[in-house]
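Heads up, the thing below is written out as structure tokens.
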Amino acid sequence: MTDSFRRLARLDEEFPGLLAAFKPALKGLIPDDINFTEDSYDELFIILAIAAYYARDPKLRKQSANRTGGNPKLVSVVMDEGPQDKDLALVDRILDRIAPYVPVSVLLASLKTMRANQDELFKAYHQGIERITSDLFRIAAGFAPNTACPAALVKWASGPLRAEIYEQLHKS
């Protein structure tokens with residue numbers, strides 16, 4: 001994928017505005033949390049997918065809160081008006097927008113790196129990272145993902161990238 005092709009998501013005039021509501025909650029989680037360049041799409045995709053999982057799955061939220069003492073700031077922002085919060089719909093729009101620009105190998109490497117990160121900021125996201133990885137295995141093997149799996153992740157993983165995901169997951 002060429003750099004100019006990957007920049008397409010950012011060229012949309014509304015894209016930076018979509019992220020504005022989440023900027024404070026993303027601080028420190030994304031390498032370029034100011035400009036959200038294409039180099040940050042994989043981390044942004046992961047973190048927003050985790051927030052969507054937590055928003056839709058109260059059991060996962062509780063497990064994470066029990067492990068870390070509370071929910072991550074981003075999840076609180078997404079859930080501030082409850083499970084039907086408009087911010088969750090916004091997260092889904094952003095995920096859908098950047099999914100085509102996230103390479104498989106980069107996403108899988110970022111999942112490993114983020115899971116290995118023991119910083120307090122990332123510990124609250126470990127349960128969600130495990131859920132994404134589990135659902136990627138399920139989708140790549142032809143099984144249905146968890147019901148809380150974001151639609152953009154299902155679409156991304158079950159489309160033309162499915163064979164590549166399967167191959168890379170079984171190499172590791």
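Residues in the structure tokens are named by chain (A, B, ... in the order shown) and by number from 1 within that chain; ligands are numbered from 1 in the order shown.
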
(request) Find the residues around Phe22 (chain A) up to 10 Å (only C-alpha atoms counted), leave out those fewer than 2 positions away in its own chain, and share them as an MDAnalysis selection string. (result) chainID A and resid 17:20 24:27 33 48 73:75 77:78 87 90:91

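Closest approach to Asp57 (chain A) from the set A:Ala144, A:Arg131, A:Lys171, A:Phe122 is made by A:Arg131, with distances taken over only C-alpha atoms.
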
(message) I need the residue nearest Glu120 (chain A) from this list: A:Leu44, A:Leu29, A:Ala21, A:Leu161. Use only C-alpha atoms for the distance.
(response) A:Leu29

(message) Neighbouring residues of Tyr125 (chain A) were defined as those with any atom within 12 Å, considering only C-alpha atoms; residues of the same chain fewer than 2 positions away were excluded. Please report them as JSON, numbers by chain.
(response) {"A": [29, 43, 46, 47, 48, 49, 50, 51, 52, 53, 54, 60, 61, 63, 64, 65, 67, 68, 70, 71, 72, 73, 74, 75, 111, 114, 115, 116, 117, 118, 119, 120, 121, 122, 123, 127, 128, 129, 130, 131, 132]}

(request) Name the closest residue to Pro103 (chain A) among the candidates A:Asp80, A:Asp42, A:Asp135, A:Glu167; distances are taken between atoms, counting only C-alpha atoms. (result)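 The closest residue to Pro103 (chain A) is A:Asp42.
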
Can you pull out the residues contacting Gly159 (chain A)? Cut-off 12 Å, using only C-alpha atoms, and skip same-chain residues under 3 positions away; I want them as a PDB file with C-alpha atoms, in the first residue's frame.
```pdb
ATOM      1  CA  ALA A  99     -10.304   0.033   8.460  1.00  0.00           C
ATOM      2  CA  PRO A 100      -9.361  -0.169   4.761  1.00  0.00           C
ATOM      3  CA  VAL A 104      -2.728  -6.879   8.622  1.00  0.00           C
ATOM      4  CA  LEU A 136      -9.537 -12.377  14.616  1.00  0.00           C
ATOM      5  CA  ILE A 139     -13.135 -14.892  11.830  1.00  0.00           C
ATOM      6  CA  ALA A 140     -10.003 -16.132  10.043  1.00  0.00           C
ATOM      7  CA  GLY A 142     -14.502 -19.188   9.492  1.00  0.00           C
ATOM      8  CA  ALA A 151     -18.900  -4.408  12.591  1.00  0.00           C
ATOM      9  CA  ALA A 152     -15.862  -2.678  11.042  1.00  0.00           C
ATOM     10  CA  LEU A 153     -13.535  -5.318  12.525  1.00  0.00           C
ATOM     11  CA  VAL A 154     -15.743  -8.138  11.213  1.00  0.00           C
ATOM     12  CA  LYS A 155     -15.905  -6.544   7.769  1.00  0.00           C
ATOM     13  CA  TRP A 156     -12.135  -5.901   7.708  1.00  0.00           C
ATOM     14  CA  ARG A 162      -9.053 -13.069   5.717  1.00  0.00           C
ATOM     15  CA  ALA A 163      -6.515 -15.455   4.149  1.00  0.00           C
ATOM     16  CA  GLU A 164      -3.625 -13.153   5.063  1.00  0.00           C
ATOM     17  CA  ILE A 165      -4.891 -12.830   8.649  1.00  0.00           C
ATOM     18  CA  TYR A 166      -5.227 -16.619   8.900  1.00  0.00           C
TER      19      TYR A 166
END
```

(message) Rounded to one decimal, what separation in Å do you get between CA of Phe143 (chain A) and CA of Arg56 (chain A)?
(response) 20.0 Å

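Closest approach to Leu95 (chain A) among A:Cys149, A:Phe45, A:Pro31, A:Leu169: A:Phe45, based on only C-alpha atoms.
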
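Between CA of Lys86 (chain A) and CA of Ala55 (chain A) lies a distance of 11.5 Å.
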
(request) Would you mind reading off the distance between CA of Leu108 (chain A) and CA of Gln168 (chain A), one decimal, in Å? (result)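 Distance between the two atoms: 8.3 Å.
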
(request) Return as a ChimeraX atom specification the full set of residues in region 36-106 of chain A whose backbone-based DSSP assignment is alpha helix (DSSP H). (result) /A:41-56,58-68,73-78,86-98,104-106
